[in-house]
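Asker: Just passing along the structure, written as structure tokens.
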Amino acid sequence: MSEKLHQNKFKANDNEILKAILSDTRLKILKNLNKRRMTVAELVNNVGVQKNAIYKHLDKLTSAGLVDRVESSERKWVYYELTSKGKKIISTGKYQVLILLSSGIGSLTIGSIGIVLYFLNEVQSPKTKGLEILGLDIGIIFIAVSMILLLAAKFVSRRRWKKINQCLKITESQTINTEN
């Protein structure tokens, strides 16, 4: 029976979350915890950072609400795992873009094959226009759908990076203001 200890009793604001994920080491920790929950010793081995540094990074991630500390009553080990907020940050948009890209490429391939087959049939045995036009129309429709899907993938990807860049600019300006 494991008992979760929620150390983050307050909701972390976006600025605090952004500061928590700006470190490459903390991103490595989040990616490792995305696979499964881990102890500090496992994180030290996987991330390649000293134990004290891992504890400091985990404190920041915990206070930002991205990681939870889980104590096991069966064993004396302490595990760390991603919160739902941490999981969202690690996988945001990745699957959306992948699905849109693969669907777009698949539609483009099917449409191209359809058009090529239509023209090969026209060259081999020219027929009167009738049902054969249907093959060309379907090919064009698939290509149009693929263009829409590929543009959507580009839009989703660009929007995600734009949001990250805006957050970085806000954090940089706040850092400059606190230094002055």
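Naming works like this for the structure tokens: A, B, ... for the chains as they're shown, residue 1 at the start of each chain, ligands 1 onward in shown order.
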Name the residues in contact with A:Gly135 at a cut-off of 10 Å, using only C-alpha atoms, excluding same-chain residues fewer than 2 positions from it; report them as a ChimeraX atom specification.

Answerer: /A:111,114-119,131-133,137-141

Asker: Within 9 Å of A:Lys154, counting only C-alpha atoms, which residues show up once you throw out same-chain ones fewer than 3 positions away? Write them as a PDB file with C-alpha atoms, in the first residue's frame, please.

Answerer:
```pdb
ATOM      1  CA  VAL A  97       1.456  16.449 -34.756  1.00  0.00           C
ATOM      2  CA  LEU A 100      -1.656  14.715 -38.465  1.00  0.00           C
ATOM      3  CA  LEU A 101       1.646  14.181 -40.277  1.00  0.00           C
ATOM      4  CA  LEU A 149      -3.754  17.650 -42.715  1.00  0.00           C
ATOM      5  CA  LEU A 150      -0.152  18.720 -43.344  1.00  0.00           C
ATOM      6  CA  LEU A 151      -1.065  22.387 -42.867  1.00  0.00           C
ATOM      7  CA  SER A 157       3.508  22.506 -34.171  1.00  0.00           C
ATOM      8  CA  ARG A 158       4.066  26.227 -34.753  1.00  0.00           C
ATOM      9  CA  ARG A 159       1.419  27.166 -32.146  1.00  0.00           C
TER      10      ARG A 159
END
```

Asker: Expressed in Å to a single decimal, how great is the separation between atom CA of A:Lys31 and atom CA of A:Ser102?

Answerer: 23.8 Å

Asker: By how many Å are atom CA of A:Lys85 and atom CA of A:Ala53 apart?

Answerer: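 Atom CA of A:Lys85 sits 22.7 Å away from atom CA of A:Ala53.
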
Asker: Can you work out which one of A:Ile143, A:Ile17, A:Ile105, A:Val40 has the shortest atom-to-atom distance to A:Tyr80, counting only C-alpha atoms?

Answerer: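 Among A:Ile143, A:Ile17, A:Ile105, A:Val40, it is A:Val40 that comes nearest to A:Tyr80.
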
Asker: What's around stretch 56-59 of chain A at 12 Å? Count only C-alpha atoms, leave out sequence neighbours fewer than 4 positions away in its own chain, and write the answer as a PyMOL selection string.

Answerer: chain A and resi 7-8+19-30+33+38-40+43-44+47+49-52+63-69+79-82

Asker: So the first atom is atom CA of A:Ile89 and the second is atom CA of A:Ile148; what is the distance between them in Å, to one decimal place?

Answerer: 26.5 Å
